[in-house]
Structures are given as structure tokens and as C-alpha cells.
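Enquirer: Before I ask anything, here is the structure I am working with.
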Amino acid sequence: MAINTNTAPYGSWKSPITANAVASGSSSVGMARVDQANPTRVYWIESRPQEGGRLVLLSKDVDDYSERTLRELTADSKWNVRTAVHEYGGGAYAVYGGLVVFSNWSDQGVYLVDTNKHDAVPMRIGEQNDKLRYASFVVHPSKKFVVCVREDHRESDIQAPAALVAIPIPSGSIINEKDEYPLSKDVVLFDKTDFVSSPAISPMNNELSFYAWNHPDMNWDATTLYCATVALGDDGIPSVLEHLRVVAGAPGEPRESIYQPRFDDDGILHFISDRSGFWNPYYLGADGEIQQSLESPLSADFAGPEWTFGESTLQPVPGLKFSVVISYTQNGVLKLGILNVATHAIEDLPAPGWSGVGSFQLGYSHSGEQVLVLIAGGPTEHMSLFTYYINGLSAKQHTGSKVVSDAYSGFLSEPQEVVFSTKLPPFGSSESKDANAYAFYYPPTNKDYQGPDNELPPLLVLSHGGPTSVASSVLQSKIQYWTSRGIAVADVNYGGSTGYGREYRE
């Protein structure tokens, strides 16, 4: 027993983690992006609870851990970098060469701002119709157009048709008498499916890849991966997609969920598919055949369900041939590494206390060191922005919630993953099979208290939404509120959750 520890009934303990602190929340960070034309610069989205949850866009140097190079690019309260495509949004901006294109929440318009100019203000581009929504942006290296997903609500909000479109980027000199960019027509590149996502452009040529799917499937049920060549007009603006072809997930083939198409420096297309039963990495070989990136499939998911646009847990490493940064969780432990798809070898990167990672981006420090920029968190820290020095195997935090303050030291419960037996439907039938289910168990934790001998704590059982979501072990104040008061919590990953393969989530 610790000195000065009080014995009190479970549930009655006093805690510094107040309901007001939990309800008010703190700023969260998301969707990190490195400007590949200026890879010493990182951009990210930050929420502002005190401003009604407004999402602002910020940037700084990847090796600046102060606020010396910090810029708030959408400081005015009229800007909210957020999209309503699929209602869940995500993928609300892109950057290349200092040009930022983003979706603004109030009108769902597409706005352009040249961050190379410190006094530049965002200006609307494209068709400028409030019934059109846009997401999943990628700026072409020519900086003449942006490719993105468009959701069209002009006729109906029910089953609004989606398309892959190109939006011309006007030059700074083309402004009308109202000091605005003139209207321009979206160039529809692909509209053959109900949904489309994640356009990626090869750095070698104008090869474009994306994935799409149809009702009644969700993207974790079945998607199709496409490639095509973007044909450009004399003005450098796309006119049509040529040589459109299916890479994987063709109708009539075994159903697979394909995510995160990525081209590397050599134009090799990498992606994630669950064709093995788990979301694993693959690539398109020179012979046009799909190759396993791993020597053999792992019973581990390298991605999660894409409820939102812009997820990134697979990213090619510039200058490192055949190599991609990957992450996966196995036996409850997060793994981070660099995978050489030619040799199938994984170089482990230590994950310092992290249990959740995402927004992978590769960049360089001003001294030329290659860095992985990512958003990561663990049982004792919220998701925050980090620069990870690959060669030095060390991470430095930029922003977000710091490791919890000293005021909470001794009050945080660290989760333990537990596995328990269950049954699969149909319940009560001879066809029902035995199975395992999973949960994170949080024991009561408070440095000032202990429970009475021979007494068990009350247990609060949580069930995440979804169902194809997943309970995370990253720090959640709402859970710590209960555990610091002497109430145990079980956060359950019931059947239907992701992270345990297709069979479990189905």
C-alpha cells in the first residue's frame, strides 16, 4: 500500500479529471501533409473547441519544435477547413509548391490560397455552386489543376452522384472586376460508379489511380482499383481519362476491399487490399501483375475502415527504392516499420509508447535528414503531430496535446487487451460457432485511493459506434474520468469491429 493512500468504496474516489475538463475537450490535430515540392514544410488541421469546433489549417517547418515558423493559414473565423462529402468528410485540403486548395464548411466551396505570399487570402475557384461538395484533393505538379472527388447535390441529397473531376487552378492575374476568380467548369474524369475516392498521381507521368465502389457495398466490403492516363489539352488542363483499366477488384472476381493507392518515385503503384482476409500491402509489378509486398500475408490489418477521406498508413519512401512505411497491430502491439517490397524485409521503427498512428508523410529536415511526419498517440498521450527521424530512430513532438500534465500523474489507467470467448450468429443454433472477442480493460487507477479488500469495482462496458469501427487504446479523457473515480471500464471490440480481419468484421 502506498503511503497516504485512502481506502474508500469504488466509485467514490476524488479525481482531478473533472466532467468540465472532459466536456470542454482540447484541441485535436489531424490530416498532416508534407508539401512534396517543399518537403521541409508540414501542414495540418487543428480543431478549436472554443470556436465551435472550427477546423483551422496551420503549417510550420518539419524540424521546428517551437512556434518560430508557425503560420495559421485560415485565421479568420469564416474559414472552416472541412467537407461534407459522404457526410463524414476528411481529405479537405491539399498542398503543392505552397499552393493550398481546401473545402470551406459554410458553402462547401473550393478555395485557393498561395501560402508563398504572407498576405494572401483564400479565393473561391471552380464552378462555385453551393450544391457541389468536394474532397480528396491532389494538386498536379504543374499547379494548373487539382483532381478531387465531387459529390453533386444539385438535384437531390439522396444518393447524390459522385465523380472524379479536375478543377482548373487560375493564375493570380486572372481576376474579375469583383476581385474574384471567374467561374470555371469542372472537368468530369470518371463518373461510372456510385462512389469514388483517393486519387493519386504518378510523379513519373500523368498516370492516375483511384478506387471506386457501388451500392449496396461500403468501401470495406468491396472496391475496385483503377488506373488511367490523364490526357491534357494545349492549356495543360485535363480533357479526358485515357486507357482506363481495372487493376484489382474487378466485378466477378473475389470481393476485396482496396485502399490507399500510392505511386513511388519510380511510378510503381502500391496499395492495401484485404484479399487475404486482412488488409495487407501489395504493389503492381512491371509485368502488370499484382505482387505481394510481404513474403506471405500477415494476419494483421495494415489499414482501418475508410469512413473518411485522406487516411494514410502506407507511404512510399522517396529515394529508397521499393520501400514503403507501414504500420500494423499484432497481438495487441503496434508495429511501425519500413517494408522493402522487393526483399519483403521489414526494418522495425520503434514506436515510443504509441498505440495509434496515421497521416504518414515523408519529408526532410533542413539538414537533409529524411523524416516521417505522422500523427500518433498512446495510453498516456492524445494524438499529436510528430517528426520521426528515420535514421536516428527518434521522434520529436510538434503540437497537439502534450503528454498529460503533472496534475494527472498517478491518475491514468493504462489499458490491457483481453480476449474472451463468445459465439457467432445465429445464436442458439447448432450452426453457431465458438469465437473470440476483444476488449480493452481499464482498471481503476488513482494514486490517492484503493478499494476495500475483497470487493470488486463496478464495471462500465462501452460499445463503440460503427459497427465497423474500432475501440482504440489511445488516451481518452472520458474513460479516465471513470477509472480515476474507482470504476473499471471495458471498451469492447465486438464482432463487426475492424482490426481483426474480414471474417471478424463481417
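Ligands are numbered from 1 in the order shown, chains are lettered A, B, ... in the order of the C-alpha cells, and residues start at 1 in each chain.
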Could you list, with a cut-off of 7 Å and counting only C-alpha atoms, the residues of range 246-307 of chain A near range 342-346 of chain A, each shown with its nearest atom pair and the distance in Å rounded to one decimal, rows sorted by chain and ascending number, as JSON lines?
Expert:
```
{"residue": "A:Ser293", "atom": "CA", "partner": "A:His344", "partner_atom": "CA", "distance": 6.1}
{"residue": "A:Leu294", "atom": "CA", "partner": "A:His344", "partner_atom": "CA", "distance": 4.9}
{"residue": "A:Glu295", "atom": "CA", "partner": "A:His344", "partner_atom": "CA", "distance": 5.3}
```
Enquirer: For Thr115 in chain A, please output as a PDB file with N, CA and C atoms, in the first residue's frame all residues within 12 Å (counting only C-alpha atoms; exclusion window: fewer than 4 positions along the same chain).
Expert:
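Generated file (around33.pdb):
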```pdb
ATOM      1  N   ASP A  35       4.408  19.188 -47.972  1.00  0.00           N
ATOM      2  CA  ASP A  35       4.438  19.748 -49.324  1.00  0.00           C
ATOM      3  C   ASP A  35       5.578  19.081 -50.090  1.00  0.00           C
ATOM      4  N   ASN A  38       8.162  21.189 -51.501  1.00  0.00           N
ATOM      5  CA  ASN A  38       8.955  21.869 -50.470  1.00  0.00           C
ATOM      6  C   ASN A  38       8.914  20.992 -49.230  1.00  0.00           C
ATOM      7  N   ARG A  41       8.397  21.434 -45.216  1.00  0.00           N
ATOM      8  CA  ARG A  41       7.231  22.126 -44.671  1.00  0.00           C
ATOM      9  C   ARG A  41       6.088  21.147 -44.456  1.00  0.00           C
ATOM     10  N   TYR A  43       1.983  20.655 -43.064  1.00  0.00           N
ATOM     11  CA  TYR A  43       0.681  21.298 -42.855  1.00  0.00           C
ATOM     12  C   TYR A  43      -0.188  20.330 -42.062  1.00  0.00           C
ATOM     13  N   LEU A  57      -6.286  25.494 -40.564  1.00  0.00           N
ATOM     14  CA  LEU A  57      -5.123  24.938 -41.249  1.00  0.00           C
ATOM     15  C   LEU A  57      -3.875  25.688 -40.804  1.00  0.00           C
ATOM     16  N   LEU A  58      -2.876  24.929 -40.364  1.00  0.00           N
ATOM     17  CA  LEU A  58      -1.624  25.513 -39.906  1.00  0.00           C
ATOM     18  C   LEU A  58      -0.459  24.870 -40.640  1.00  0.00           C
ATOM     19  N   SER A  59       0.709  25.525 -40.581  1.00  0.00           N
ATOM     20  CA  SER A  59       1.912  24.928 -41.160  1.00  0.00           C
ATOM     21  C   SER A  59       3.139  25.435 -40.416  1.00  0.00           C
ATOM     22  N   LYS A  60       4.213  24.666 -40.540  1.00  0.00           N
ATOM     23  CA  LYS A  60       5.492  25.051 -39.969  1.00  0.00           C
ATOM     24  C   LYS A  60       6.560  24.171 -40.593  1.00  0.00           C
ATOM     25  N   ARG A  71       2.611  29.144 -38.973  1.00  0.00           N
ATOM     26  CA  ARG A  71       1.675  30.055 -39.634  1.00  0.00           C
ATOM     27  C   ARG A  71       0.266  29.480 -39.536  1.00  0.00           C
ATOM     28  N   GLU A  72      -0.674  30.316 -39.164  1.00  0.00           N
ATOM     29  CA  GLU A  72      -2.082  29.941 -39.176  1.00  0.00           C
ATOM     30  C   GLU A  72      -2.671  30.472 -40.472  1.00  0.00           C
ATOM     31  N   LEU A  73      -3.002  29.579 -41.380  1.00  0.00           N
ATOM     32  CA  LEU A  73      -3.331  29.965 -42.747  1.00  0.00           C
ATOM     33  C   LEU A  73      -4.808  30.308 -42.932  1.00  0.00           C
ATOM     34  N   THR A  74      -5.648  29.908 -41.986  1.00  0.00           N
ATOM     35  CA  THR A  74      -7.080  30.224 -42.069  1.00  0.00           C
ATOM     36  C   THR A  74      -7.522  30.826 -40.739  1.00  0.00           C
ATOM     37  N   VAL A  95      -1.868  20.379 -50.732  1.00  0.00           N
ATOM     38  CA  VAL A  95      -0.867  21.429 -50.915  1.00  0.00           C
ATOM     39  C   VAL A  95       0.208  20.931 -51.859  1.00  0.00           C
ATOM     40  N   TYR A  96       0.693  21.835 -52.698  1.00  0.00           N
ATOM     41  CA  TYR A  96       1.852  21.543 -53.546  1.00  0.00           C
ATOM     42  C   TYR A  96       2.492  22.872 -53.941  1.00  0.00           C
ATOM     43  N   GLY A  97       3.786  22.976 -53.700  1.00  0.00           N
ATOM     44  CA  GLY A  97       4.510  24.195 -54.052  1.00  0.00           C
ATOM     45  C   GLY A  97       3.969  25.435 -53.373  1.00  0.00           C
ATOM     46  N   GLY A  98       3.418  25.256 -52.173  1.00  0.00           N
ATOM     47  CA  GLY A  98       2.866  26.393 -51.436  1.00  0.00           C
ATOM     48  C   GLY A  98       1.441  26.735 -51.809  1.00  0.00           C
ATOM     49  N   LEU A  99       0.907  26.141 -52.885  1.00  0.00           N
ATOM     50  CA  LEU A  99      -0.490  26.364 -53.249  1.00  0.00           C
ATOM     51  C   LEU A  99      -1.367  25.420 -52.436  1.00  0.00           C
ATOM     52  N   VAL A 100      -2.307  25.978 -51.687  1.00  0.00           N
ATOM     53  CA  VAL A 100      -3.234  25.184 -50.882  1.00  0.00           C
ATOM     54  C   VAL A 100      -4.626  25.299 -51.476  1.00  0.00           C
ATOM     55  N   VAL A 101      -5.255  24.148 -51.674  1.00  0.00           N
ATOM     56  CA  VAL A 101      -6.646  24.082 -52.108  1.00  0.00           C
ATOM     57  C   VAL A 101      -7.429  23.419 -50.979  1.00  0.00           C
ATOM     58  N   ASP A 119       0.560  37.696 -47.292  1.00  0.00           N
ATOM     59  CA  ASP A 119      -0.671  38.476 -47.170  1.00  0.00           C
ATOM     60  C   ASP A 119      -1.795  37.910 -48.039  1.00  0.00           C
ATOM     61  N   ALA A 120      -1.590  36.728 -48.620  1.00  0.00           N
ATOM     62  CA  ALA A 120      -2.602  36.145 -49.500  1.00  0.00           C
ATOM     63  C   ALA A 120      -3.820  35.698 -48.699  1.00  0.00           C
ATOM     64  N   VAL A 121      -4.998  35.868 -49.300  1.00  0.00           N
ATOM     65  CA  VAL A 121      -6.240  35.415 -48.682  1.00  0.00           C
ATOM     66  C   VAL A 121      -6.876  34.370 -49.597  1.00  0.00           C
ATOM     67  N   PRO A 122      -7.595  33.400 -49.046  1.00  0.00           N
ATOM     68  CA  PRO A 122      -8.234  32.385 -49.871  1.00  0.00           C
ATOM     69  C   PRO A 122      -9.281  32.990 -50.805  1.00  0.00           C
TER      70      PRO A 122
END
```
Enquirer: Could you list, as an MDAnalysis selection string, every residue within 6 Å of range 244-258 of chain A, counting only C-alpha atoms and ignoring same-chain residues fewer than 6 positions away?
Expert: chainID A and resid 220:228 272:275
Enquirer: Please write the residues from the selection above to a file, keeping N, CA and C atoms, as a CSV table (one decimal), in the first residue's frame.
Expert:
```
chain,number,residue,atom,x,y,z
A,220,TRP,N,-15.4,-0.9,-47.2
A,220,TRP,CA,-14.7,-2.0,-46.6
A,220,TRP,C,-15.3,-3.4,-47.0
A,221,ASP,N,-16.4,-3.4,-47.8
A,221,ASP,CA,-16.9,-4.6,-48.4
A,221,ASP,C,-16.3,-5.0,-49.7
A,222,ALA,N,-16.3,-4.1,-50.7
A,222,ALA,CA,-15.7,-4.4,-52.0
A,222,ALA,C,-15.4,-3.1,-52.7
A,223,THR,N,-14.2,-2.9,-53.2
A,223,THR,CA,-13.9,-1.7,-54.1
A,223,THR,C,-13.1,-2.2,-55.3
A,224,THR,N,-13.0,-1.4,-56.3
A,224,THR,CA,-12.3,-1.6,-57.5
A,224,THR,C,-11.2,-0.6,-57.7
A,225,LEU,N,-10.0,-1.0,-57.9
A,225,LEU,CA,-8.8,-0.1,-58.1
A,225,LEU,C,-8.6,0.1,-59.6
A,226,TYR,N,-8.6,1.4,-60.0
A,226,TYR,CA,-8.4,1.8,-61.4
A,226,TYR,C,-7.1,2.5,-61.6
A,227,CYS,N,-6.6,2.4,-62.9
A,227,CYS,CA,-5.6,3.3,-63.4
A,227,CYS,C,-6.0,3.9,-64.7
A,228,ALA,N,-5.4,5.0,-65.0
A,228,ALA,CA,-5.7,5.7,-66.3
A,228,ALA,C,-4.7,6.7,-66.6
A,272,ILE,N,-3.3,-1.1,-50.6
A,272,ILE,CA,-3.6,-2.1,-49.5
A,272,ILE,C,-4.9,-2.8,-49.9
A,273,SER,N,-4.9,-4.1,-49.7
A,273,SER,CA,-6.1,-4.9,-50.1
A,273,SER,C,-6.3,-6.0,-49.0
A,274,ASP,N,-7.5,-6.4,-48.8
A,274,ASP,CA,-7.8,-7.5,-47.8
A,274,ASP,C,-8.1,-8.8,-48.6
A,275,ARG,N,-7.5,-9.0,-49.7
A,275,ARG,CA,-7.8,-10.2,-50.5
A,275,ARG,C,-7.3,-11.5,-49.7
```
Enquirer: Please identify all polymer residues within 7 Å of range 323-338 of chain A, counting only C-alpha atoms, omitting same-chain residues fewer than 6 positions from it, and present them as number ranges by chain.
Expert: A: 300-302, 313-317, 346-351, 355, 417
Enquirer: Work out how far CA of Thr445 in chain A is from CA of Val492 in chain A, in Å to one decimal.
Expert: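 CA of Thr445 in chain A lies at a distance of 19.3 Å from CA of Val492 in chain A.
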Enquirer: Can you pull out the residues contacting Ser413 in chain A? Cut-off 9 Å, using only C-alpha atoms, and skip same-chain residues under 2 positions away; I want them as a list in words.
Expert: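 My reading of the contact set: Pro379, Thr380, Gly410, Phe411, Pro415, Tyr442, Pro443, Pro444, Thr445, Asn446, Ile479, Gln480, Thr483 and Ser484 of chain A.
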Enquirer: Skip Gly368 in chain A itself and residues of its chain fewer than 3 positions away, then list as a ChimeraX atom specification all residues within 12 Å of it, counting only C-alpha atoms.
Expert: /A:39-40,62-63,363-365,371,389-391
Enquirer: Print the selection's residues with N, CA, C and O atoms to a file, as a CSV table (one decimal), in the first residue's frame.
Expert:
```csv
chain,number,residue,atom,x,y,z
A,39,PRO,N,9.6,19.8,-49.3
A,39,PRO,CA,9.4,18.8,-48.2
A,39,PRO,C,10.0,19.1,-46.9
A,39,PRO,O,10.0,18.2,-46.0
A,40,THR,N,10.4,20.4,-46.6
A,40,THR,CA,10.7,20.8,-45.3
A,40,THR,C,9.6,21.4,-44.6
A,40,THR,O,9.7,21.8,-43.4
A,62,VAL,N,9.3,21.2,-40.7
A,62,VAL,CA,9.2,19.9,-40.1
A,62,VAL,C,10.2,19.7,-38.9
A,62,VAL,O,10.0,18.9,-38.1
A,63,ASP,N,11.2,20.6,-38.9
A,63,ASP,CA,12.2,20.5,-37.8
A,63,ASP,C,12.2,21.7,-36.9
A,63,ASP,O,13.1,22.0,-36.2
A,363,GLY,N,9.3,13.6,-45.5
A,363,GLY,CA,9.8,14.9,-45.8
A,363,GLY,C,11.3,14.9,-45.4
A,363,GLY,O,11.9,13.9,-45.2
A,364,TYR,N,11.9,16.1,-45.3
A,364,TYR,CA,13.3,16.3,-45.0
A,364,TYR,C,13.5,17.5,-44.0
A,364,TYR,O,12.8,18.5,-44.1
A,365,SER,N,14.4,17.3,-43.1
A,365,SER,CA,14.8,18.4,-42.3
A,365,SER,C,15.7,19.3,-43.1
A,365,SER,O,16.1,19.0,-44.2
A,371,VAL,N,12.7,12.4,-42.8
A,371,VAL,CA,11.9,12.3,-41.7
A,371,VAL,C,10.5,11.7,-42.1
A,371,VAL,O,10.0,11.9,-43.2
A,389,TYR,N,12.6,10.9,-36.9
A,389,TYR,CA,13.9,10.9,-37.7
A,389,TYR,C,14.2,9.4,-38.0
A,389,TYR,O,14.6,8.7,-37.0
A,390,ILE,N,14.0,9.0,-39.2
A,390,ILE,CA,14.1,7.6,-39.6
A,390,ILE,C,15.5,7.0,-39.2
A,390,ILE,O,15.6,5.9,-38.7
A,391,ASN,N,16.6,7.7,-39.6
A,391,ASN,CA,17.9,7.2,-39.4
A,391,ASN,C,18.3,7.2,-37.9
A,391,ASN,O,19.0,6.3,-37.4
```
Enquirer: Between CA of Phe440 in chain A and CA of Asp453 in chain A, what is the spacing in Å?
Expert: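 For CA of Asp453 in chain A relative to CA of Phe440 in chain A, the distance reads 24.3 Å.
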Enquirer: Just want the 12 Å neighbourhood of Asp266 in chain A, counted on only C-alpha atoms, with same-chain residues fewer than 6 positions away dropped. Output as a list in words.
Expert: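 Counting only the stated atoms, we get Ser202, Pro203, Met204, Asn205, Glu207, Leu284, Gly285, Ala286, Pro316, Val317, Pro318, Gly319, Leu320, Lys321, Phe322 and Ser323 of chain A.
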Enquirer: What does the distance between CA of Tyr441 in chain A and CA of Gln416 in chain A come to in Å, to one decimal place?
Expert: 5.2 Å
